[in-house]
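Visitor: Please find structure_15.cif (mmCIF, C-alpha atoms) on the next line:
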```
data_model
loop_
_atom_site.label_atom_id
_atom_site.label_comp_id
_atom_site.auth_asym_id
_atom_site.auth_seq_id
_atom_site.Cartn_x
_atom_site.Cartn_y
_atom_site.Cartn_z
CA MET A 1 124.76 107.22 88.61
CA LYS A 2 123.96 108.82 91.95
CA SER A 3 120.32 107.71 91.78
CA THR A 4 121.43 104.14 90.97
CA ILE A 5 123.64 104.03 94.06
CA ILE A 6 120.83 105.40 96.22
CA ALA A 7 118.38 102.85 94.79
CA LEU A 8 120.81 100.01 95.49
CA ALA A 9 121.36 101.25 99.04
CA ILE A 10 117.62 101.44 99.70
CA GLY A 11 117.12 97.98 98.19
CA SER A 12 119.82 96.47 100.38
CA LEU A 13 118.25 98.05 103.47
CA ALA A 14 114.89 96.55 102.54
CA ILE A 15 116.44 93.11 102.13
CA THR A 16 118.29 93.45 105.44
CA GLY A 17 115.09 94.53 107.21
CA THR A 18 113.23 91.56 105.79
CA ALA A 19 115.98 89.16 106.86
CA LEU A 20 115.89 90.55 110.39
CA ALA A 21 112.11 90.25 110.53
CA GLU A 22 112.36 86.58 109.55
CA LYS A 23 115.01 85.77 112.15
CA PRO A 24 113.87 82.63 113.97
CA ILE A 25 112.56 83.10 117.47
CA ASN A 26 114.73 80.31 118.81
CA ALA A 27 117.90 81.93 117.45
CA ARG A 28 117.05 85.16 119.23
CA GLN A 29 116.37 83.34 122.47
CA LEU A 30 119.65 81.42 122.17
CA ASN A 31 121.48 84.71 121.65
CA GLN A 32 119.90 86.16 124.79
CA GLN A 33 120.84 83.07 126.80
CA ARG A 34 124.43 83.43 125.61
CA ARG A 35 124.42 87.08 126.66
CA ILE A 36 123.19 86.09 130.13
CA ASP A 37 125.91 83.45 130.44
CA ALA A 38 128.57 85.91 129.27
CA GLY A 39 127.35 88.49 131.80
CA ALA A 40 127.58 85.95 134.60
CA ARG A 41 131.09 84.87 133.55
CA SER A 42 132.33 88.46 133.27
CA GLY A 43 130.93 89.42 136.67
CA LYS A 44 128.41 91.94 135.29
CA LEU A 45 125.54 89.81 136.63
CA THR A 46 125.11 88.48 140.14
CA HIS A 47 123.98 84.89 140.64
CA ALA A 48 120.47 86.08 141.57
CA GLU A 49 120.22 88.32 138.47
CA GLU A 50 121.38 85.45 136.28
CA ALA A 51 118.78 83.12 137.80
CA ARG A 52 115.96 85.65 137.28
CA LEU A 53 116.95 86.31 133.67
CA LYS A 54 117.19 82.58 132.91
CA ALA A 55 113.77 82.03 134.49
CA GLN A 56 112.41 84.80 132.26
CA GLN A 57 113.86 83.07 129.18
CA ALA A 58 112.33 79.75 130.28
CA SER A 59 108.97 81.48 130.69
CA ILE A 60 109.17 82.87 127.15
CA SER A 61 110.02 79.41 125.83
CA ARG A 62 107.04 77.85 127.65
CA TYR A 63 104.77 80.61 126.32
CA GLU A 64 105.97 79.96 122.77
CA GLN A 65 105.32 76.22 123.18
CA GLN A 66 101.79 76.94 124.46
CA LEU A 67 101.07 79.13 121.43
CA ARG A 68 102.45 76.47 119.08
CA ALA A 69 100.34 73.77 120.74
CA ALA A 70 97.23 75.92 120.38
CA HIS A 71 97.82 76.41 116.64
CA GLY A 72 98.90 73.00 115.43
CA GLY A 73 102.65 73.46 115.85
CA LYS A 74 102.88 76.79 114.01
CA LEU A 75 102.89 80.40 115.12
CA SER A 76 100.63 82.98 113.52
CA LYS A 77 102.02 86.45 112.78
CA TYR A 78 100.21 87.74 115.87
CA ASP A 79 101.73 84.96 117.99
CA GLU A 80 105.19 85.85 116.67
CA HIS A 81 104.49 89.46 117.59
CA LEU A 82 103.56 88.44 121.14
CA VAL A 83 106.70 86.33 121.57
CA HIS A 84 108.91 89.06 120.12
CA ALA A 85 107.36 91.59 122.49
CA ARG A 86 108.30 89.38 125.44
CA GLN A 87 111.79 88.94 124.03
CA ASP A 88 112.12 92.71 123.65
CA ALA A 89 111.22 93.10 127.32
CA ALA A 90 113.75 90.40 128.24
CA ASN A 91 116.40 92.15 126.17
CA ALA A 92 115.77 95.38 128.07
CA GLN A 93 116.06 93.52 131.39
CA ILE A 94 119.37 91.94 130.34
CA LEU A 95 120.79 95.34 129.44
CA LYS A 96 119.49 96.88 132.65
CA LYS A 97 120.90 94.13 134.88
CA LYS A 98 124.29 94.07 133.15
CA ASP A 99 124.69 97.84 133.54
CA ASN A 100 123.57 98.24 137.15
CA ALA A 101 125.82 98.71 140.18
CA ALA A 102 125.52 95.09 141.37
CA HIS A 103 128.40 92.85 140.30
CA GLY A 104 129.07 89.17 140.71
CA LYS A 105 132.34 87.31 140.93
CA ASN A 106 134.55 87.62 137.88
CA HIS A 107 135.23 84.09 136.72
CA LEU A 108 137.25 85.01 133.63
CA LYS A 109 140.82 83.82 133.56
CA LEU A 110 142.77 86.29 131.44
#
```
Give the structure from the file, written as structure tokens.

Guide:
Amino acid sequence: MKSTIIALAIGSLAITGTALAEKPINARQLNQQRRIDAGARSGKLTHAEEARLKAQQASISRYEQQLRAAHGGKLSKYDEHLVHARQDAANAQILKKKDNAAHGKNHLKL
């Protein structure tokens, strides 16, 4: 009984890991853009920080389009790795900018 539960738990983790690995690049980028917008609205990001982070997202999008154009509209596994690495760096920058001492205007109406 106990081993069955453990096997099911391990199997569900494997399925979850696979689903996360197959998450579309565009969905991840959209999520990061939403986080930037939310940070600007809440006042955690200044206007300049927001502009830099959006420019970084645009750069990642252009890079992805260049890779797709070079490979007939598709991304190889290595290309996906390169794009994800840039998105990881962008994610770290978003976290860093939202948690620093600089704050913008709070535009939320509570």

Visitor: So what do you get for CA of Ile25 in chain A versus CA of Glu80 in chain A, distance-wise?

Guide: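 CA of Glu80 in chain A lies at a distance of 7.9 Å from CA of Ile25 in chain A.
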
Visitor: Between A:Ala40, A:Leu67, A:Ala101, A:Ala85, which residue has the minimum interatomic distance to Lys54 in chain A, considering only C-alpha atoms?

Guide: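 Among A:Ala40, A:Leu67, A:Ala101, A:Ala85, it is A:Ala40 that comes nearest to Lys54 in chain A.
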
Visitor: So what do you get for CA of Lys105 in chain A versus CA of Gln93 in chain A, distance-wise?

Guide: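 The value is 19.9 Å.
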
Visitor: Which one is closest to Gln32 in chain A: A:Lys97, A:Asp79, A:Leu53, A:Ala70? Count all atoms listed in the file.

Guide: A:Leu53

Visitor: Env of Ala38 in chain A: 12 Å cut, atoms = all atoms listed in the file, seq-sep filter 3 positions within chain, self excluded. Answer as an MDAnalysis selection string.

Guide: chainID A and resid 31:35 41:46 50 94 98 104 106:108

Visitor: Quick check, in Å to one decimal: how far apart do CA of Ala48 in chain A and CA of Gln65 in chain A lie?

Guide: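 Separation between CA of Ala48 in chain A and CA of Gln65 in chain A: 25.8 Å.
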
Visitor: With distances taken over only C-alpha atoms, which residue among A:Leu75, A:Leu95, A:Val83, A:Ala102 lies nearest His47 in chain A?

Guide: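 Closest residue, counting only C-alpha atoms: A:Ala102.
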
Visitor: Need to verify the contact set: Ala58 in chain A, 12 Å, only C-alpha atoms, exclusion of same-chain residues closer than 5 positions in sequence. Can you return it as a list in words?

Guide: Asn26, Gln29, Leu30, Gln32, Gln33, Ala51, Arg52, Leu53, Tyr63, Glu64, Gln65, Arg86, Gln87 and Ala90 of chain A

Visitor: Go through A:His71, A:Ala27, A:Ile36, A:Leu82 one by one, measure the shortest atom-to-atom distance of each to Lys96 in chain A using all atoms listed in the file, and give the residue with the smallest value.

Guide: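 Looking only at the distances to Lys96 in chain A, the closest residue turns out to be A:Ile36.
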